[in-house]
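Text of the file work-v4.txt, holding compact mmCIF, C-alpha atoms and all ligand atoms:
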# COMPACT_ATOMS: atom_id res chain seq x y z
CA MET A 1 -146.30 142.86 4.43
CA THR A 2 -146.15 144.25 0.91
CA SER A 3 -145.99 142.35 -2.35
CA HIS A 4 -145.67 143.06 -6.06
CA HIS A 5 -149.18 141.83 -6.89
CA PRO A 6 -152.20 143.16 -5.01
CA SER A 7 -154.17 140.79 -2.80
CA ALA A 8 -157.97 140.54 -2.69
CA ALA A 9 -159.69 141.16 0.66
CA ILE A 10 -163.32 140.98 1.79
CA THR A 11 -164.31 144.54 2.80
CA GLY A 12 -168.12 144.28 2.91
CA LEU A 13 -170.82 141.67 3.52
CA GLY A 14 -174.57 141.74 2.95
CA SER A 15 -177.43 139.25 2.90
CA TYR A 16 -181.10 139.06 2.11
CA LEU A 17 -183.82 136.47 2.69
CA PRO A 18 -187.24 136.80 1.06
CA PRO A 19 -189.91 137.29 3.75
CA GLY A 20 -191.89 134.08 3.11
CA ARG A 21 -190.85 131.56 5.78
CA VAL A 22 -191.96 127.96 5.22
CA THR A 23 -191.91 125.58 8.20
CA ASN A 24 -191.50 121.79 8.14
CA GLU A 25 -195.08 121.50 9.38
CA GLU A 26 -196.36 123.42 6.35
CA LEU A 27 -194.52 121.03 4.01
CA ALA A 28 -195.72 117.98 5.98
CA ALA A 29 -199.30 119.16 5.40
CA ARG A 30 -198.93 118.65 1.64
CA LEU A 31 -196.14 116.06 1.23
CA ASP A 32 -195.57 112.55 2.62
CA THR A 33 -193.05 113.76 5.20
CA THR A 34 -192.81 114.81 8.84
CA ASP A 35 -191.13 117.55 10.84
CA GLU A 36 -189.32 114.78 12.71
CA TRP A 37 -187.83 113.23 9.51
CA ILE A 38 -186.70 116.59 8.13
CA THR A 39 -185.20 117.76 11.44
CA THR A 40 -183.34 114.56 12.26
CA ARG A 41 -182.18 113.74 8.69
CA THR A 42 -181.16 117.28 7.66
CA GLY A 43 -181.20 119.70 10.62
CA ILE A 44 -183.59 122.01 8.74
CA ARG A 45 -186.54 123.53 10.64
CA SER A 46 -187.64 126.21 8.19
CA ARG A 47 -186.55 127.88 4.95
CA HIS A 48 -187.55 131.00 3.03
CA TRP A 49 -189.25 130.84 -0.36
CA ALA A 50 -189.71 133.86 -2.58
CA SER A 51 -193.29 134.74 -3.50
CA PRO A 52 -194.44 134.36 -7.12
CA GLY A 53 -193.12 137.27 -9.16
CA THR A 54 -189.81 137.43 -7.27
CA SER A 55 -186.76 136.16 -9.14
CA THR A 56 -183.09 135.63 -8.40
CA SER A 57 -182.07 139.13 -9.59
CA ASP A 58 -184.49 140.67 -7.06
CA LEU A 59 -182.74 138.88 -4.19
CA ALA A 60 -179.28 139.55 -5.67
CA VAL A 61 -179.96 143.29 -5.91
CA GLU A 62 -180.99 143.43 -2.23
CA ALA A 63 -177.94 141.48 -1.02
CA GLY A 64 -175.62 143.39 -3.35
CA HIS A 65 -176.96 146.72 -2.11
CA ARG A 66 -176.33 145.67 1.49
CA ALA A 67 -172.78 144.46 0.78
CA LEU A 68 -171.93 147.77 -0.92
CA LYS A 69 -173.35 149.64 2.09
CA SER A 70 -171.32 147.44 4.45
CA ALA A 71 -168.18 148.33 2.44
CA GLY A 72 -169.07 152.06 2.54
CA LEU A 73 -169.61 152.22 -1.23
CA GLU A 74 -172.21 154.21 -3.20
CA LEU A 75 -174.69 152.75 -5.67
CA ALA A 76 -172.89 154.58 -8.46
CA PRO A 77 -170.58 154.01 -11.42
CA GLY A 78 -166.99 153.64 -10.26
CA SER A 79 -167.82 151.89 -6.98
CA VAL A 80 -166.86 148.47 -8.35
CA ASP A 81 -165.18 147.26 -11.55
CA ALA A 82 -167.10 143.99 -11.90
CA VAL A 83 -170.17 142.13 -10.67
CA VAL A 84 -169.97 138.33 -10.43
CA LEU A 85 -173.16 136.41 -9.68
CA ALA A 86 -173.10 132.74 -8.69
CA THR A 87 -176.46 131.11 -9.31
CA THR A 88 -178.17 127.90 -10.41
CA THR A 89 -181.43 129.77 -10.98
CA PRO A 90 -180.70 132.67 -13.35
CA ASP A 91 -183.65 134.87 -14.32
CA HIS A 92 -183.37 133.53 -17.90
CA PRO A 93 -181.35 130.80 -19.70
CA CYS A 94 -179.97 133.72 -21.74
CA PRO A 95 -178.59 136.31 -21.02
CA ALA A 96 -176.71 136.09 -17.72
CA THR A 97 -178.37 137.75 -14.70
CA ALA A 98 -175.32 139.69 -13.42
CA PRO A 99 -175.58 142.51 -16.02
CA GLU A 100 -179.17 143.20 -14.93
CA VAL A 101 -178.10 143.23 -11.27
CA ALA A 102 -175.25 145.66 -12.05
CA ALA A 103 -177.62 147.95 -13.97
CA ARG A 104 -180.31 147.93 -11.28
CA LEU A 105 -177.70 148.75 -8.62
CA GLY A 106 -176.62 151.76 -10.71
CA LEU A 107 -173.04 150.49 -10.99
CA GLY A 108 -172.57 151.61 -14.60
CA ASN A 109 -171.29 149.59 -17.55
CA VAL A 110 -169.02 147.31 -15.53
CA ALA A 111 -167.99 143.76 -16.42
CA ALA A 112 -170.76 141.44 -15.22
CA TYR A 113 -171.06 137.68 -15.54
CA ASP A 114 -172.67 134.63 -13.97
CA ILE A 115 -170.93 131.61 -12.53
CA ALA A 116 -172.67 128.22 -12.79
CA ALA A 117 -171.14 125.86 -10.24
CA VAL A 118 -174.34 125.06 -8.29
CA CYS A 119 -173.65 124.85 -4.53
CA SER A 120 -169.92 125.59 -5.00
CA GLY A 121 -170.78 128.66 -7.07
CA PHE A 122 -169.96 131.30 -4.49
CA LEU A 123 -166.43 129.95 -3.93
CA TYR A 124 -165.88 129.68 -7.70
CA ALA A 125 -167.05 133.30 -7.96
CA LEU A 126 -164.69 134.39 -5.17
CA ALA A 127 -161.86 132.62 -7.01
CA THR A 128 -162.47 134.37 -10.35
CA ALA A 129 -163.09 137.76 -8.73
CA SER A 130 -159.93 137.55 -6.63
CA ALA A 131 -157.95 136.45 -9.70
CA GLN A 132 -159.14 139.58 -11.53
CA ILE A 133 -157.93 141.71 -8.62
CA ILE A 134 -154.57 139.94 -8.30
CA ALA A 135 -154.05 140.32 -12.08
CA GLY A 136 -154.71 144.04 -11.83
CA GLN A 137 -157.89 143.90 -13.95
CA ALA A 138 -160.13 145.18 -11.14
CA GLU A 139 -159.78 147.15 -7.90
CA ARG A 140 -163.14 146.16 -6.42
CA VAL A 141 -165.58 143.37 -7.31
CA LEU A 142 -169.10 142.73 -6.01
CA VAL A 143 -169.49 138.95 -5.61
CA ILE A 144 -173.03 137.67 -5.08
CA GLY A 145 -174.54 134.23 -4.51
CA ALA A 146 -178.29 134.26 -5.09
CA GLU A 147 -180.90 131.55 -5.61
CA THR A 148 -184.62 130.98 -5.98
CA TYR A 149 -184.68 127.16 -5.81
CA SER A 150 -188.41 127.36 -5.10
CA THR A 151 -188.79 128.01 -8.85
CA ILE A 152 -187.07 124.74 -9.89
CA LEU A 153 -188.25 122.34 -7.17
CA ASN A 154 -190.71 119.61 -8.12
CA PRO A 155 -193.54 120.23 -5.63
CA ALA A 156 -194.32 116.48 -5.67
CA ASP A 157 -190.72 115.44 -4.80
CA ARG A 158 -190.32 115.19 -1.03
CA THR A 159 -186.63 114.40 -1.28
CA THR A 160 -185.75 117.86 -2.67
CA SER A 161 -188.71 120.06 -1.65
CA VAL A 162 -187.92 119.84 2.06
CA ILE A 163 -184.24 120.70 1.62
CA PHE A 164 -183.78 123.77 -0.57
CA GLY A 165 -184.46 127.42 0.24
CA ASP A 166 -184.16 130.83 -1.40
CA GLY A 167 -181.85 133.69 -0.44
CA ALA A 168 -178.86 135.82 -1.38
CA GLY A 169 -175.56 136.88 0.12
CA ALA A 170 -172.80 139.10 -1.21
CA VAL A 171 -169.31 140.39 -0.44
CA VAL A 172 -167.19 143.21 -1.78
CA LEU A 173 -163.65 142.12 -2.63
CA SER A 174 -161.10 144.96 -2.70
CA ALA A 175 -157.48 145.18 -3.79
CA THR A 176 -154.93 145.71 -1.05
CA ARG A 177 -151.14 146.01 -1.10
CA ASP A 178 -151.01 144.54 2.42
CA SER A 179 -151.12 140.76 1.98
CA GLY A 180 -151.30 140.38 5.78
CA GLN A 181 -154.52 142.40 6.05
CA ASP A 182 -157.48 140.57 7.63
CA GLY A 183 -159.98 139.52 4.97
CA VAL A 184 -157.34 138.70 2.34
CA LEU A 185 -158.11 135.42 0.56
CA LEU A 186 -155.00 133.43 1.48
CA GLY A 187 -155.64 130.54 -0.85
CA VAL A 188 -158.22 128.89 -3.08
CA ASP A 189 -158.74 125.23 -4.01
CA LEU A 190 -161.26 124.25 -6.72
CA GLY A 191 -162.15 120.93 -8.34
CA SER A 192 -164.73 119.04 -10.37
CA ASP A 193 -165.86 115.54 -11.37
CA GLY A 194 -168.06 115.72 -14.46
CA ALA A 195 -168.29 111.93 -14.66
CA ASN A 196 -170.85 112.22 -11.85
CA ARG A 197 -172.86 115.07 -13.38
CA ASP A 198 -176.10 113.06 -13.17
CA LEU A 199 -176.16 113.05 -9.36
CA ILE A 200 -177.44 116.65 -9.35
CA CYS A 201 -179.20 117.68 -12.53
CA ILE A 202 -182.03 119.54 -14.23
CA PRO A 203 -182.43 117.16 -17.20
CA GLY A 204 -184.29 119.59 -19.49
CA GLY A 205 -184.03 123.09 -20.84
CA GLY A 206 -180.52 122.83 -22.27
CA SER A 207 -179.02 121.85 -25.61
CA ARG A 208 -178.74 118.16 -24.67
CA GLN A 209 -182.51 117.84 -24.47
CA ARG A 210 -183.27 120.34 -27.23
CA SER A 211 -181.03 118.35 -29.57
CA GLN A 212 -183.27 115.28 -29.11
CA PRO A 213 -186.08 114.69 -31.60
CA ALA A 214 -188.59 113.64 -28.87
CA ASP A 215 -190.83 116.13 -27.02
CA PRO A 216 -189.45 116.99 -23.57
CA ALA A 217 -191.29 115.73 -20.49
CA PRO A 218 -192.59 118.61 -18.31
CA GLU A 219 -190.99 117.17 -15.13
CA ASP A 220 -187.56 117.37 -16.82
CA GLN A 221 -187.56 121.09 -15.99
CA PHE A 222 -187.26 120.28 -12.27
CA PHE A 223 -184.13 119.93 -10.13
CA THR A 224 -183.18 116.34 -9.22
CA MET A 225 -180.66 114.96 -6.74
CA GLN A 226 -179.49 111.47 -5.73
CA GLY A 227 -179.13 112.39 -2.08
CA LYS A 228 -177.31 109.41 -0.61
CA LYS A 229 -174.50 109.36 -3.21
CA VAL A 230 -174.19 113.14 -3.01
CA PHE A 231 -173.91 112.97 0.79
CA ALA A 232 -170.91 110.62 0.65
CA ALA A 233 -169.16 112.56 -2.11
CA ALA A 234 -169.76 115.87 -0.29
CA VAL A 235 -167.96 114.76 2.87
CA THR A 236 -165.05 113.21 0.93
CA ARG A 237 -164.52 116.08 -1.54
CA MET A 238 -164.87 118.93 0.97
CA GLY A 239 -162.51 117.05 3.27
CA GLU A 240 -159.87 116.52 0.58
CA SER A 241 -160.19 120.07 -0.72
CA SER A 242 -159.89 121.58 2.77
CA THR A 243 -156.85 119.47 3.57
CA ALA A 244 -155.08 120.36 0.29
CA LEU A 245 -155.80 124.06 0.78
CA LEU A 246 -154.60 124.22 4.37
CA GLU A 247 -151.34 122.52 3.41
CA ARG A 248 -150.76 125.23 0.80
CA VAL A 249 -151.72 128.04 3.19
CA GLY A 250 -149.60 126.58 5.99
CA TRP A 251 -152.30 126.26 8.63
CA GLU A 252 -152.76 123.26 10.91
CA MET A 253 -156.36 121.95 10.99
CA GLY A 254 -156.43 122.65 14.74
CA GLN A 255 -155.81 126.35 14.04
CA VAL A 256 -159.11 126.75 12.18
CA ASP A 257 -161.40 128.81 14.42
CA HIS A 258 -164.49 128.58 12.20
CA LEU A 259 -165.43 125.98 9.60
CA VAL A 260 -167.98 127.60 7.29
CA GLY A 261 -169.16 124.70 5.15
CA HIS A 262 -171.88 124.65 2.52
CA GLN A 263 -175.14 124.25 4.44
CA ALA A 264 -176.43 121.09 2.73
CA ASN A 265 -177.16 118.94 5.76
CA VAL A 266 -176.15 119.34 9.41
CA ARG A 267 -175.01 115.70 9.39
CA ILE A 268 -172.62 116.47 6.52
CA LEU A 269 -171.17 119.43 8.47
CA LYS A 270 -170.64 117.27 11.56
CA SER A 271 -169.09 114.38 9.59
CA LEU A 272 -166.80 116.83 7.82
CA ALA A 273 -165.65 118.45 11.06
CA ARG A 274 -165.01 115.01 12.57
CA GLN A 275 -163.07 113.86 9.47
CA LEU A 276 -160.91 117.00 9.52
CA GLY A 277 -160.33 116.82 13.29
CA ILE A 278 -161.99 120.19 13.87
CA PRO A 279 -164.21 120.33 17.01
CA GLU A 280 -167.88 120.19 15.92
CA GLU A 281 -168.73 123.41 17.75
CA ARG A 282 -166.40 125.30 15.37
CA ALA A 283 -168.71 124.46 12.45
CA VAL A 284 -171.00 127.38 11.64
CA VAL A 285 -174.60 126.20 11.29
CA ASN A 286 -177.57 128.21 10.02
CA ILE A 287 -179.21 125.52 7.88
CA ASP A 288 -181.91 125.17 10.56
CA ARG A 289 -183.34 128.56 9.50
CA VAL A 290 -182.51 128.75 5.77
CA GLY A 291 -182.22 125.19 4.41
CA ASN A 292 -179.83 124.52 1.54
CA THR A 293 -179.57 127.80 -0.40
CA SER A 294 -176.94 126.49 -2.85
CA ALA A 295 -174.78 129.36 -4.18
CA ALA A 296 -176.14 131.70 -1.47
CA SER A 297 -175.29 129.27 1.32
CA ILE A 298 -171.74 130.35 2.25
CA PRO A 299 -172.34 134.15 2.27
CA LEU A 300 -175.61 133.66 4.20
CA ALA A 301 -173.77 131.55 6.79
CA LEU A 302 -171.00 134.18 7.00
CA ALA A 303 -173.52 137.00 7.43
CA ASP A 304 -175.36 135.07 10.11
CA ALA A 305 -172.19 134.18 12.05
CA ALA A 306 -170.76 137.69 11.70
CA ALA A 307 -174.01 139.31 12.90
CA ALA A 308 -174.13 136.90 15.86
CA GLY A 309 -170.59 137.93 16.85
CA THR A 310 -169.25 134.42 16.24
CA LEU A 311 -166.78 135.58 13.59
CA THR A 312 -164.40 138.07 15.20
CA ALA A 313 -161.67 140.06 13.49
CA GLY A 314 -158.51 138.03 13.01
CA SER A 315 -160.09 134.60 13.56
CA ARG A 316 -159.10 131.90 11.07
CA VAL A 317 -161.94 130.92 8.76
CA LEU A 318 -162.09 127.95 6.38
CA LEU A 319 -164.82 128.07 3.72
CA THR A 320 -165.65 124.85 1.89
CA ALA A 321 -168.43 123.85 -0.48
CA PHE A 322 -169.61 121.00 -2.68
CA GLY A 323 -172.33 120.73 -5.28
CA GLY A 324 -173.60 119.78 -8.70
CA GLY A 325 -171.16 119.30 -11.54
CA LEU A 326 -169.86 117.76 -9.43
CA THR A 327 -167.87 120.73 -8.17
CA TRP A 328 -166.16 121.67 -4.93
CA GLY A 329 -163.93 124.37 -3.52
CA SER A 330 -162.31 125.83 -0.42
CA VAL A 331 -161.03 129.27 0.58
CA ALA A 332 -159.05 130.35 3.68
CA LEU A 333 -158.92 133.82 5.24
CA THR A 334 -158.66 135.61 8.54
CA TRP A 335 -161.91 137.40 9.33
CA PRO A 336 -161.93 141.16 8.59
CA ASP A 337 -163.27 143.89 10.89
CA ILE A 338 -166.48 144.61 8.97
CA ALA A 339 -170.10 145.20 9.92
CA PRO A 340 -172.47 143.02 7.85
CA CYS A 341 -175.68 144.66 6.56
O1 LIG B 401 -176.29 121.01 -2.18
C1 LIG B 401 -175.46 120.10 -2.85
C2 LIG B 401 -175.05 119.10 -1.92
N1 LIG B 401 -176.22 118.42 -1.42
C3 LIG B 401 -176.06 117.57 -0.47
O2 LIG B 401 -174.98 117.42 -0.01
C4 LIG B 401 -177.26 116.74 -0.06
C5 LIG B 401 -176.76 115.43 0.41
N2 LIG B 401 -177.78 114.47 0.77
C6 LIG B 401 -178.50 114.55 1.89
O3 LIG B 401 -178.45 115.51 2.63
C7 LIG B 401 -179.33 113.36 2.25
O4 LIG B 401 -179.02 112.28 1.43
C8 LIG B 401 -180.87 113.63 2.17
C9 LIG B 401 -181.30 114.55 3.27
C10 LIG B 401 -181.22 114.21 0.81
C11 LIG B 401 -181.63 112.32 2.36
O5 LIG B 401 -181.26 111.74 3.58
P1 LIG B 401 -180.80 110.20 3.66
O6 LIG B 401 -180.55 109.94 5.08
O7 LIG B 401 -179.67 110.01 2.70
O8 LIG B 401 -182.10 109.46 3.22
P2 LIG B 401 -182.34 108.46 2.00
O9 LIG B 401 -182.35 109.21 0.71
O10 LIG B 401 -181.47 107.27 2.15
O11 LIG B 401 -183.80 108.00 2.32
C12 LIG B 401 -184.10 107.26 3.53
C13 LIG B 401 -185.60 107.02 3.55
C14 LIG B 401 -186.11 106.48 2.21
O12 LIG B 401 -187.15 105.58 2.50
P3 LIG B 401 -186.86 103.98 2.47
O13 LIG B 401 -186.39 103.69 1.09
O14 LIG B 401 -185.82 103.76 3.51
O15 LIG B 401 -188.22 103.41 2.81
C15 LIG B 401 -186.70 107.71 1.56
O16 LIG B 401 -187.73 107.39 0.65
O17 LIG B 401 -186.27 108.27 3.77
C16 LIG B 401 -187.25 108.46 2.73
N3 LIG B 401 -187.39 109.88 2.52
C17 LIG B 401 -188.22 110.65 3.22
N4 LIG B 401 -189.06 110.37 4.22
C18 LIG B 401 -189.78 111.37 4.74
C19 LIG B 401 -186.73 110.66 1.62
N5 LIG B 401 -187.15 111.94 1.74
C20 LIG B 401 -188.06 111.95 2.72
C21 LIG B 401 -188.85 112.96 3.31
N6 LIG B 401 -189.68 112.63 4.32
N7 LIG B 401 -188.77 114.25 2.91
With the file now loaded, output its structure as structure tokens.
Ligand code: UT7
Amino acid sequence: MTSHHPSAAITGLGSYLPPGRVTNEELAARLDTTDEWITTRTGIRSRHWASPGTSTSDLAVEAGHRALKSAGLELAPGSVDAVVLATTTPDHPCPATAPEVAARLGLGNVAAYDIAAVCSGFLYALATASAQIIAGQAERVLVIGAETYSTILNPADRTTSVIFGDGAGAVVLSATRDSGQDGVLLGVDLGSDGANRDLICIPGGGSRQRSQPADPAPEDQFFTMQGKKVFAAAVTRMGESSTALLERVGWEMGQVDHLVGHQANVRILKSLARQLGIPEERAVVNIDRVGNTSAASIPLALADAAAAGTLTAGSRVLLTAFGGGLTWGSVALTWPDIAPC
């Protein structure tokens, strides 16, 4: 099939986890929690946390490098036209982290910007990157999701400390004139509900707090989440978004071979599959080994499932995510014949 506008297709995939693996037992030794609670309530058995001195750009550079290698591209100017980094944990409040990542990868003076949509960030980044390609503004874009949540977790808060992990995943999106090519993003659905912004929030550090006359409280720099309310909204919003997207793309739910949902909680993934009428075993799960890695979650799950041979060329893949903002999004594609690095 040919069309007037180019389409955007995934042509490379890379991932990186920092070496420090933290087990539930290690957390139970210093927090009022147990391996049993964490495993049964979340499905998480271990996560990776970056060591002090390692920041989000360090993980993003590793994952970006691997995605470029997977796509057969050099670390050189001209390889990509833009770098988009989805993250909740930028190296600094200002400037964005993507320009540093582009520079360290040797990609030249390309367009580079961050996307802040918390756990939906990677799908928001895919949406903007693919829009640039479809509009003819870019031929190839490196899209990265990278997080170091260990730097924003309150070590005394058992409700968040046991859940979040660090990591990075990246894809190369490339223009193609063949809209039927495997890997082409067939459709995107995005949404938000800012009325519920308080459910997932770092209260301090921004202009809202800095505009107040009172001194900020130190704990306001930490990530907070109202888990139960977020759980319910996650299942509803990912369900609605997935349904709306598949209607537009023209797929039946039963045709979805792999549901790659944001890895927030294995119970959320199972409820979502049940609600959509997709058999549970079609839900990709790697949260047991990485925890909730927010913007890195979807590309890490893709890399894991692709490396395991679960995702095969031509299979129908539904990506869906939900997170702070609140934000959510879904993307549909048939899986490309690529080797993840
Ligand atoms: O990434 C963005 C999207 N994020 C999500 O979608 C996360 C969604 N939320 C969740 O996954 C779940 O709500 C959590 C895993 C965060 C919590 O699970 P829950 O089943 O909703 O538990 P809960 O918050 O209702 O707490 C149940 C009990 C409470 O004790 P009481 O009040 O019943 O005595 C908590 O204090 O479990 C307690 N609890 C813990 N106990 C042991 C909370 N955290 C822990 C813990 N260890 N780490």
Expected selection as JSON, numbers by chain for ligand LIG 401 (chain B) within 6 Å, only C-alpha atoms and all ligand atoms: {"A": [33, 34, 37, 41, 42, 119, 158, 159, 162, 227, 228, 230, 231, 234, 264, 265, 294, 322, 323]}
In the coordinates of the file, take the point (-163.9, 131.0, -2.4) and a cut-off of 6 Å; then, counting all atoms listed in the file, name each qualifying protein, DNA or RNA residue as JSON, numbers by chain. {"A": [123, 124, 126, 127, 330, 331]}
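Between Val290 in chain A and the residues A:Thr87, A:Asn24, A:Thr320, A:Thr54, the shortest atom-to-atom distance, using only C-alpha atoms, involves A:Asn24.
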For range 44-50 of chain A, please output as a VMD selection string all residues within 10 Å (counting all atoms listed in the file; exclusion window: fewer than 4 positions along the same chain). chain A and resid 17 to 27 35 to 40 54 to 56 58 to 59 147 to 151 162 to 167 263 to 266 286 to 293
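Here the question is which of A:Leu75, A:Val84, A:Leu326, A:Leu185 gets nearest to Asp198 in chain A using only C-alpha atoms, and that residue is A:Leu326.
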